[in-house]
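Notes to accompany the following structure.
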Amino acid sequence: MAFSQNRQITGTLNTKDGKPVPYASVMVKNKQQRVLAFHTSNHAGAFTLAWPDTAALTELSIEINHLGYKKVTLPLIADKHRYDVLMEAQAIDLAEVEVKSRPKISLRGDTLSYDVASFTKAEDRTIGDVLKRLPGMEVDESGQIKYNGKAISNFYVDGDDLLDDKYAIGTKTIPHAMVQDVEVMQNHQPLKVLQGKTLSENVALNLKIKDEAKLDLTGQAKPGGGLPGQYDSELNAILFNKKYKMLNVGKANNVGTDLATDFTAFNQAGRLSGLGNTRPAELLSSGTVGNPALPTSRYYLNNSGSLNANNLINLKNGLQLKSNVGLLLDNNDMDYYSANDLYLADDTIQYSEIQQIDRSPFLVDVSLNAQANKETYYFNNALKIGYSGETGSSTLASNAMDMTQQLRNRVRDFSNQLEYLPALHNQHILSVNWYLNHFNRPQTLDIQPGINAAILNGGQPFDGIQQYTETPTWFNTLSVGYRIPDGLIMQNYRLSTLNEWQQLHSQLLLTQATGEQLPYTESSGNNLEWQRHNAQLSATYELQLGGRWEALLSLPFTWQHITYKDTGFALDEKSGRLLFNPLFRAKYMTTPEDYLSFNYVYNNQMGNINSVYQGAILSNYRSLRANDAPLEERNSHNMGLNYHFQRNISMLFMNVGINYSYTTSNTIASNVVTDNIMNTVLLPYDNNVSTFSTNAGISKYIFALGATAGLKGAWSTSRFNQLLNDQLLPFNNVSVSVTPSFEARLWDRISLSYEGTGTWTTSKLISGETVVTMPDRQIRRYDQSVSLLYSPFRNTFLRLSGRHQYMSQQQLEDVSYFFADANIRYKLNKWNTDIELNLTNLANITEYETYSLSANQFGYNRYDLRGRMAVLKLTFNLSTSSQTTTASR
């Protein structure tokens, strides 16, 4: 018997500038192209191959492949056991441009680039206009951006995070002519020290600025006015060069534009939850009705002004300094009528509400950031200071009760986060993170005269109500981690502590006819002290095989200790628990462009301070809330399977997903409903909620028509319980929605766009232990928007827009509306100026009706709308040189 020996070679893969090339496929082949050995390079670009010594060495070759680099083939040489290879980057142009008008799209590694000029139309002004047209891209009404169904995690301007996640102001302001490419970075890791050393599923977007647009300061002045008594003005300044970037915008209007949306941080909630921070909820409100499902320009009666200042400096030593300052002053009115039917087992409770609200919100938001993002270490310190609030007054009539209300709300928010991640000599990575936060939201609700005397004041008439609440909070977390990126399985270990100190102060005072203020006799106010302390040890393991398989397993073990006490209720409780919240995620690349992903998360969470207070709080004029249950504990299983498909050559993007969640809790909210008030108490009763949903989307660029078409659909069903007037009622809600969209250029001078949404919502009572008769309810809603743009002459654009809404509900009349608007714009190239006339609500619709459905509650709302308006607006494009003037056009 004879045994063959193994042969072995080693080597490294690097670029010309010395950067390693990880996860490349390395093969040894014979002259018949049969693979004798196969492996992938590790995070440092190193590889090792071994195979049986059964072939002549001179007949073998080594072949190296990596998406984004040129293929390398080298013959093996006798007595040579190490091969250090230089890899040459190569852009993969997946759309070969044969016709000049064909839009350009290219892929380099994980970065997909859209050539902005090839997707732009003459009528476009900002980069937001172009983003909505890109295949695979979505921009919703709030300004949030999604790529192939997934929300972006970061928004960069020429590689810098200038806007600190509040990127809606950028898409509305930055001229598209300044942008060379829109880059979509998949599997994005923003920290250079972690690139290639950890897995990521994030998707980021980068605006690559043209070289000529980086030279000088540009901006726009947009004065505007119209009838009846309208004004709409903006002044902005833009500079995007390598050293200094700025985007400063001042706005003022009374045409219904809600400027608060410019300060929306789209990923803030997720980032806070990642730190374990739970902000205290807003406890008081002046009404029970939300805003209508319309653009704010239809109903928002406002006088608003804002300043949004974003400035960034890159220093020579690699340190980046950034400030983001937001100021907002607003005053707005809203008038509405609301009717709600609450279906019980043997009765129907009806509430009606007529309210005229005058609100005055304000905002001061300051963020200061110092960051160094290098391949050897990452340092970041972010200081945030916020002060915001609202003063509102309203007159309200409900079920024949007339009253006036005043709500005062203040938010004081301070936080500082320090992060430091150095790469050690052995290439392992240490991480230190410290986060400190103070938050408080004092609220006061005054109601006059005294209402619901039979419930609140023993049947004796009284003059008024004052409800006060505040929840001052200190939150602190400190963590130390150690990451080992070597080997087949990358490892990360983290030890962290979390400390939370909260207080809930509340007092419900009743003003008697004598003028004396007395506390509500049925329940004293809250003076609750709460502490939560955690110690957590977590281990995370990441595996990547053959460039196709990825898997992540996170195993966090948390010891949590909670104490809360309120001497007024003889409440003094302590709870200690060991929590285990594992997470598993797997991803399989079916092709270099497509992937299948699966995720499972188990959450074992304890309640917060809002689930244990026992003193009654009048959260609004008809809702009295308290708790009579132990500390809430929730266990939830969440799992999802998603498939993402894309063909960049043909510009086809598709996604489909299935998700299931099941949550159990040891408490349930018990609602005791009467004709004028709802008393809600949290009781110790096992409860569960299950939800199953599917979603799918497709986006395609149709080259023959120069059109982008899309279709989205979703279906979900959820089962949950409600405890109403001592009866447990299980409900099943089913919702189906379909959203088609289309935008095309016709005959060179005409553009047509369409977007519609059809929604079918059904709520039905499931047969349970209690035999009740309750009708199933279904609402059908159709919302369609169409826009036709015609350019009769060069630089002249006429746009007609219409929006049709239709709602139907059993046993009620159908509701149908058609809103029409017109816009005329002319570009004066000689003066670098646009003249624009906006005509809105041409049909002068001044009332809007809508239905809503949730479990056993049916709602009807009627709102007052803005009437017909005409606004003339000028846009002056300003710059400090003729070169950037051309770019700003």
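FYI, nothing fancy with the structure tokens labels: chains A, B, ... in order, residues from 1 per chain, ligands from 1 as they appear.
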List the spatial neighbours of Ala709 of chain A as a list in words - criterion: any atom at most 9 Å away, only C-alpha atoms, same-chain residues fewer than 6 positions off excluded.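 Listed by chain and then number, they are Pro135, Ile698, Ser699, Lys700, Tyr701, Ile702, Pro740, Ser741, Phe742, Glu743 and Ala744 of chain A.
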Determine, for each residue of segment 62-172 of chain A having at least one atom at most 12 Å from an atom of segment 364-368 of chain A, the closest pair of atoms and their separation in Å to one decimal, counting only C-alpha atoms; order by chain and ascending number, as JSON lines.
{"residue": "A:Leu162", "atom": "CA", "partner": "A:Ser367", "partner_atom": "CA", "distance": 11.5}
{"residue": "A:Leu163", "atom": "CA", "partner": "A:Ser367", "partner_atom": "CA", "distance": 10.4}
{"residue": "A:Asp164", "atom": "CA", "partner": "A:Ser367", "partner_atom": "CA", "distance": 8.8}
{"residue": "A:Asp165", "atom": "CA", "partner": "A:Ser367", "partner_atom": "CA", "distance": 11.7}
{"residue": "A:Lys166", "atom": "CA", "partner": "A:Ser367", "partner_atom": "CA", "distance": 11.6}
Since we have the selection now, will you write its residues out, keeping C-alpha atoms, as a PDB file, in the first residue's frame?
ATOM      1  CA  LEU A 162     -23.124  65.768   7.460  1.00  0.00           C
ATOM      2  CA  LEU A 163     -26.813  65.601   8.401  1.00  0.00           C
ATOM      3  CA  ASP A 164     -26.617  63.178  11.352  1.00  0.00           C
ATOM      4  CA  ASP A 165     -29.528  60.940  10.193  1.00  0.00           C
ATOM      5  CA  LYS A 166     -31.887  63.918   9.642  1.00  0.00           C
TER       6      LYS A 166
END
Measuring atom to atom with only C-alpha atoms, identify which of A:Glu813, A:Asp158, A:Asp566, A:Asp486 is nearest to Gly196 of chain A.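 Closest residue, counting only C-alpha atoms: A:Asp486.
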Can you tell me which residues surround Ala37 of chain A at a distance of at most 8 Å, considering only C-alpha atoms, apart from same-chain residues fewer than 3 positions away, and format the answer as a list in words?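 Once the adjacent positions are removed, what remains is Met27, Val28, Lys29, Leu49, Ala50 and Trp51 of chain A.
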Limited to N, CA and C atoms, could you put the picked residues into a file as a PDB file, in the first residue's frame?
ATOM      1  N   MET A  27      -8.393  29.026  -6.018  1.00  0.00           N
ATOM      2  CA  MET A  27      -8.494  27.626  -6.450  1.00  0.00           C
ATOM      3  C   MET A  27      -7.184  27.165  -7.079  1.00  0.00           C
ATOM      4  N   VAL A  28      -6.921  25.883  -6.910  1.00  0.00           N
ATOM      5  CA  VAL A  28      -5.834  25.220  -7.644  1.00  0.00           C
ATOM      6  C   VAL A  28      -6.491  24.300  -8.670  1.00  0.00           C
ATOM      7  N   LYS A  29      -6.123  24.466  -9.969  1.00  0.00           N
ATOM      8  CA  LYS A  29      -6.717  23.676 -11.044  1.00  0.00           C
ATOM      9  C   LYS A  29      -5.632  22.941 -11.817  1.00  0.00           C
ATOM     10  N   LEU A  49      -3.797  26.625   0.874  1.00  0.00           N
ATOM     11  CA  LEU A  49      -4.413  25.560   0.086  1.00  0.00           C
ATOM     12  C   LEU A  49      -3.567  24.301   0.180  1.00  0.00           C
ATOM     13  N   ALA A  50      -4.246  23.165   0.306  1.00  0.00           N
ATOM     14  CA  ALA A  50      -3.540  21.875   0.349  1.00  0.00           C
ATOM     15  C   ALA A  50      -4.302  20.881  -0.519  1.00  0.00           C
ATOM     16  N   TRP A  51      -3.547  19.983  -1.191  1.00  0.00           N
ATOM     17  CA  TRP A  51      -4.175  18.980  -2.049  1.00  0.00           C
ATOM     18  C   TRP A  51      -3.245  17.774  -2.165  1.00  0.00           C
TER      19      TRP A  51
END
Can you tell me, as a PyMOL selection string, which residues in segment 477-719 of chain A count as strand (DSSP E) by DSSP? chain A and resi 477-484+489-511+517-519+526-545+549-566+571-580+583-589+595-606+617-620+623-627+633-647+652-665+668-673+678-683+687-702+707-719
